[in-house]
Amino acid sequence: MTPSSCAISLQGIHYAFAGNTVLNALDLKVESGEVVALLGPSGCGKSTLLKLLAGLLQPQRGEIYFGSQRVASANSMLPPEQRDLGMVFQDYALWPHMSVAQNVDFPLRMRKIPLSERQLRVRTALDRVGLTEMANRKPSDLSGGQQQRVALARAIVAGPQILLFDEPLSNLDSELRETLCREIAGLLRQSGTTAVYVTHDRHEAELLADRIVHLSFGAVSAIRTVTSSSGKST
Ligand code: ADP
Ligand code: MG
C-alpha cells in the first residue's frame with residue numbers, strides 16, 4: 001500500500017520518553033473506513049501511539065501520513081487542531097463548567113462554524129447518542145455512561161475523517177460496556193469513519209474491529225482480521 005491508499009500510515013515510528021524507548025520502528029497502516037483495535041499490555045505504548053496520531057506528541061523518527069498528507073515527522077508537525085480527527089478518552093475529559101451542549105459545541109466553535117449550523121449539529125450529535133434531553137445539564141449531573149456518550153457526541157460532531165479511542169469503556173460496568181461498544185460500532189459503520197480503538201478487552205475488540213493489532217516491545221507483534229462470525233456487529 002502507498003501512503004495515499006490508506007487513511008493512516010505510520011512508517012518507522014520511534015518514540016522515547018527521556019531516553020526510554022516506547023515505540024521502535026513501528027509500522028502500521030489503516031485503510032479508509034477501517035476500524036482497528038489496538039491491544040497490548042499496560043505500558044506498551046498504546047496511548048503514546050494515539051497521542052502521536054492526534055498530534056499531542058511528535059515522533060523522533062519515522063513519518064505519519066493521513067491519506068497522502070504527511071502530518072508528522074521528526075522535523076515537521078501538523079498541529080492537533082488542523083488534524084481532521086476526534087478523540088475519546090477513558091476519563092471522558094469533559095469540561096465540568098460547561099453544559100453538555102456546550103461541551104459538544106466546542107469543536108465547532110473552534111472551527112468558527114456559524115451559530116445556526118452549530119446548534120443543528122449539536123442537536124443531531126446528541127440525538128445520535130440518545131442524550132437530547134440532557135443538553136442543558138452539567139457533566140456532573142450525568143452517569144459515567146452518559147458522560148462517555150457526551151464525549152462521543154463531541155468527537156463526532158464535526159464529522160471527522162478519523163476517530164481515536166483510548167480505552168473509552170474501561171471505567172464502566174460490563175453490561176454498559178457491551179451496550180456502548182455496540183453503539184460505537186454502529187456509529188462507526190454508519191459514518192464509515194476510520195478508527196483506532198485502544199482497549200484491554202478482547203471481546204470489545206472482536207465486537208468492534210475489522211482488524212486487531214497487538215503491540216509489544218514497541219512494535220506491532222501480530223495482526224488478525226476479525227470475521228463477522230466472531231461477533232462483530234455489522
Ligand atoms: P499504554 O497506553 O499502552 O498503557 P503508554 O503509551 O501510556 O502505555 O506508556 C508507554 C510507556 O511510556 C510506559 O512505560 C509509560 O510509563 C511511559 N510514559 C508514558 N507517558 C510518559 C510521560 N509523559 N513521561 C515519561 N514516561 C511516560
Ligand atoms: Mg494507555
# chains A, B, ... in the order shown; residues from 1 in each chain; ligands from 1

call {"tool": "select_by_dssp", "arguments": {"residues": "stretch 28-147 of chain A", "states": "alpha helix (DSSP H)", "output": "number ranges by chain"}}
result
A: 46-54, 100-110, 115-128, 144-147

call {"tool": "write_last_selection", "arguments": {"atoms": "N, CA and C atoms", "output": "compact mmCIF listing (two decimals), in the first residue's frame"}}
result
# COMPACT_ATOMS: atom_id res chain seq x y z
N LYS A 46 0.37 2.09 23.84
CA LYS A 46 -0.88 2.30 23.08
C LYS A 46 -1.30 3.78 23.11
N SER A 47 -1.31 4.36 24.31
CA SER A 47 -1.71 5.78 24.42
C SER A 47 -0.70 6.67 23.72
N THR A 48 0.57 6.31 23.80
CA THR A 48 1.61 7.09 23.11
C THR A 48 1.34 7.11 21.61
N LEU A 49 0.97 5.95 21.08
CA LEU A 49 0.66 5.85 19.65
C LEU A 49 -0.52 6.75 19.27
N LEU A 50 -1.58 6.73 20.10
CA LEU A 50 -2.73 7.60 19.81
C LEU A 50 -2.34 9.07 19.89
N LYS A 51 -1.50 9.42 20.87
CA LYS A 51 -1.08 10.83 21.01
C LYS A 51 -0.25 11.27 19.80
N LEU A 52 0.53 10.36 19.25
CA LEU A 52 1.28 10.68 18.03
C LEU A 52 0.32 10.94 16.88
N LEU A 53 -0.74 10.14 16.79
CA LEU A 53 -1.73 10.34 15.72
C LEU A 53 -2.48 11.65 15.91
N ALA A 54 -2.78 11.97 17.17
CA ALA A 54 -3.56 13.18 17.47
C ALA A 54 -2.72 14.45 17.36
N VAL A 100 -23.67 20.12 28.79
CA VAL A 100 -23.49 19.04 27.81
C VAL A 100 -23.42 19.63 26.40
N ALA A 101 -24.39 20.52 26.07
CA ALA A 101 -24.42 21.09 24.72
C ALA A 101 -23.16 21.92 24.44
N GLN A 102 -22.71 22.68 25.44
CA GLN A 102 -21.50 23.50 25.24
C GLN A 102 -20.27 22.63 25.03
N ASN A 103 -20.19 21.50 25.75
CA ASN A 103 -19.09 20.57 25.54
C ASN A 103 -19.07 20.07 24.10
N VAL A 104 -20.26 19.67 23.63
CA VAL A 104 -20.34 19.10 22.28
C VAL A 104 -20.08 20.18 21.22
N ASP A 105 -20.49 21.40 21.54
CA ASP A 105 -20.34 22.53 20.61
C ASP A 105 -18.87 22.96 20.44
N PHE A 106 -18.05 22.64 21.43
CA PHE A 106 -16.69 23.20 21.48
C PHE A 106 -15.89 23.03 20.18
N PRO A 107 -15.81 21.81 19.62
CA PRO A 107 -15.03 21.66 18.37
C PRO A 107 -15.58 22.51 17.23
N LEU A 108 -16.88 22.76 17.22
CA LEU A 108 -17.49 23.57 16.15
C LEU A 108 -17.14 25.04 16.35
N ARG A 109 -17.15 25.46 17.63
CA ARG A 109 -16.80 26.85 17.95
C ARG A 109 -15.34 27.13 17.54
N MET A 110 -14.47 26.14 17.82
CA MET A 110 -13.06 26.28 17.44
C MET A 110 -12.91 26.43 15.93
N LEU A 115 -23.37 29.98 14.11
CA LEU A 115 -24.15 29.52 15.26
C LEU A 115 -25.33 28.62 14.86
N SER A 116 -26.07 29.01 13.82
CA SER A 116 -27.27 28.24 13.48
C SER A 116 -26.88 26.81 13.07
N GLU A 117 -25.78 26.68 12.32
CA GLU A 117 -25.34 25.35 11.91
C GLU A 117 -24.81 24.56 13.11
N ARG A 118 -24.14 25.29 14.01
CA ARG A 118 -23.63 24.62 15.22
C ARG A 118 -24.77 24.03 16.02
N GLN A 119 -25.83 24.81 16.20
CA GLN A 119 -26.96 24.35 17.01
C GLN A 119 -27.57 23.08 16.41
N LEU A 120 -27.69 23.09 15.09
CA LEU A 120 -28.26 21.93 14.40
C LEU A 120 -27.36 20.70 14.58
N ARG A 121 -26.05 20.92 14.41
CA ARG A 121 -25.11 19.79 14.50
C ARG A 121 -25.04 19.23 15.92
N VAL A 122 -25.09 20.13 16.92
CA VAL A 122 -25.04 19.67 18.32
C VAL A 122 -26.28 18.83 18.62
N ARG A 123 -27.44 19.31 18.17
CA ARG A 123 -28.69 18.56 18.38
C ARG A 123 -28.61 17.18 17.73
N THR A 124 -28.10 17.16 16.49
CA THR A 124 -28.00 15.89 15.77
C THR A 124 -27.06 14.92 16.48
N ALA A 125 -25.91 15.45 16.94
CA ALA A 125 -24.92 14.58 17.61
C ALA A 125 -25.50 14.05 18.93
N LEU A 126 -26.18 14.91 19.69
CA LEU A 126 -26.77 14.46 20.95
C LEU A 126 -27.88 13.44 20.71
N ASP A 127 -28.61 13.64 19.63
CA ASP A 127 -29.64 12.69 19.23
C ASP A 127 -29.04 11.32 18.95
N ARG A 128 -27.92 11.32 18.25
CA ARG A 128 -27.28 10.05 17.85
C ARG A 128 -26.77 9.26 19.03
N GLY A 144 -21.62 7.85 34.49
CA GLY A 144 -20.39 7.63 33.72
C GLY A 144 -20.69 7.31 32.26
N GLY A 145 -21.68 6.43 32.06
CA GLY A 145 -22.04 6.04 30.69
C GLY A 145 -22.55 7.22 29.89
N GLN A 146 -23.36 8.06 30.56
CA GLN A 146 -23.89 9.25 29.87
C GLN A 146 -22.76 10.23 29.55
N GLN A 147 -21.82 10.38 30.50
CA GLN A 147 -20.70 11.29 30.25
C GLN A 147 -19.88 10.81 29.04

call {"tool": "closest_atom_pairs", "arguments": {"of": "chain A", "to": "ligand 1", "cutoff": "12 Å", "atoms": "only C-alpha atoms and all ligand atoms", "output": "Markdown table"}}
result
| residue | atom | partner | partner_atom_place_in_ligand_line | distance |
| --- | --- | --- | --- | --- |
| A:Tyr15 | CA | ligand 1 | 12 (O) | 9.1 |
| A:Ala16 | CA | ligand 1 | 12 (O) | 7.6 |
| A:Phe17 | CA | ligand 1 | 25 (C) | 4.9 |
| A:Ala18 | CA | ligand 1 | 25 (C) | 6.8 |
| A:Gly19 | CA | ligand 1 | 25 (C) | 9.4 |
| A:Asn20 | CA | ligand 1 | 26 (N) | 7.5 |
| A:Thr21 | CA | ligand 1 | 12 (O) | 7.8 |
| A:Val22 | CA | ligand 1 | 11 (C) | 5.4 |
| A:Leu23 | CA | ligand 1 | 10 (C) | 8.2 |
| A:Asn24 | CA | ligand 1 | 10 (C) | 11.7 |
| A:Leu38 | CA | ligand 1 | 3 (O) | 9.2 |
| A:Leu39 | CA | ligand 1 | 3 (O) | 8.2 |
| A:Gly40 | CA | ligand 1 | 3 (O) | 6.4 |
| A:Pro41 | CA | ligand 1 | 3 (O) | 6.1 |
| A:Ser42 | CA | ligand 1 | 4 (O) | 3.8 |
| A:Gly43 | CA | ligand 1 | 8 (O) | 3.4 |
| A:Cys44 | CA | ligand 1 | 3 (O) | 4.0 |
| A:Gly45 | CA | ligand 1 | 6 (O) | 3.2 |
| A:Lys46 | CA | ligand 1 | 3 (O) | 3.7 |
| A:Ser47 | CA | ligand 1 | 2 (O) | 3.7 |
| A:Thr48 | CA | ligand 1 | 6 (O) | 3.7 |
| A:Leu49 | CA | ligand 1 | 6 (O) | 6.5 |
| A:Leu50 | CA | ligand 1 | 6 (O) | 8.1 |
| A:Lys51 | CA | ligand 1 | 6 (O) | 8.3 |
| A:Leu52 | CA | ligand 1 | 6 (O) | 9.9 |
| A:Leu56 | CA | ligand 1 | 23 (N) | 10.9 |
| A:Leu57 | CA | ligand 1 | 23 (N) | 9.7 |
| A:Phe89 | CA | ligand 1 | 2 (O) | 11.2 |
| A:Gln90 | CA | ligand 1 | 2 (O) | 10.7 |
| A:Phe165 | CA | ligand 1 | 2 (O) | 11.2 |
| A:Asp166 | CA | ligand 1 | 2 (O) | 7.9 |
| A:Glu167 | CA | ligand 1 | 2 (O) | 8.7 |
| A:Tyr197 | CA | ligand 1 | 2 (O) | 11.5 |
| A:Val198 | CA | ligand 1 | 2 (O) | 8.1 |
| A:Thr199 | CA | ligand 1 | 2 (O) | 9.2 |
| A:His200 | CA | ligand 1 | 3 (O) | 9.2 |
| A:His214 | CA | ligand 1 | 3 (O) | 10.6 |
| A:Leu215 | CA | ligand 1 | 3 (O) | 8.2 |
| A:Ser216 | CA | ligand 1 | 3 (O) | 9.0 |
| A:Phe217 | CA | ligand 1 | 10 (C) | 10.1 |
| A:Gly218 | CA | ligand 1 | 10 (C) | 8.7 |
| A:Ala219 | CA | ligand 1 | 3 (O) | 11.4 |

call {"tool": "select_by_dssp", "arguments": {"residues": "stretch 15-117 of chain A", "states": "strand (DSSP E)", "output": "PyMOL selection string"}}
result
chain A and resi 15-17+20-30+35-39+61-66+69-73+76-77+85-88

call {"tool": "residues_around", "arguments": {"residues": "A:Val88", "least_positions_apart": "4", "cutoff": "9 Å", "atoms": "only C-alpha atoms", "output": "list of chain:residue names"}}
result
A:Tyr92, A:Ala93, A:Gln148, A:Ala151, A:Leu152, A:Arg154, A:Ala155, A:Leu163, A:Leu164, A:Phe165, A:Asp166, A:Glu167, A:Pro168

call {"tool": "closest_residue", "arguments": {"among": "A:Ala153, A:Met98, A:Ile162, A:Leu208", "to": "A:Gly86", "atoms": "only C-alpha atoms"}}
result
A:Ile162

call {"tool": "closest_residue", "arguments": {"among": "A:Arg83, A:Lys138, A:Lys29, A:Arg61", "to": "A:Pro160", "atoms": "only C-alpha atoms"}}
result
A:Arg83

call {"tool": "atom_distance", "arguments": {"atom1": "atom CA of A:Ala25", "atom2": "atom 1 (Mg, counted along the ligand's line) of ligand 2"}}
result
19.3 Å
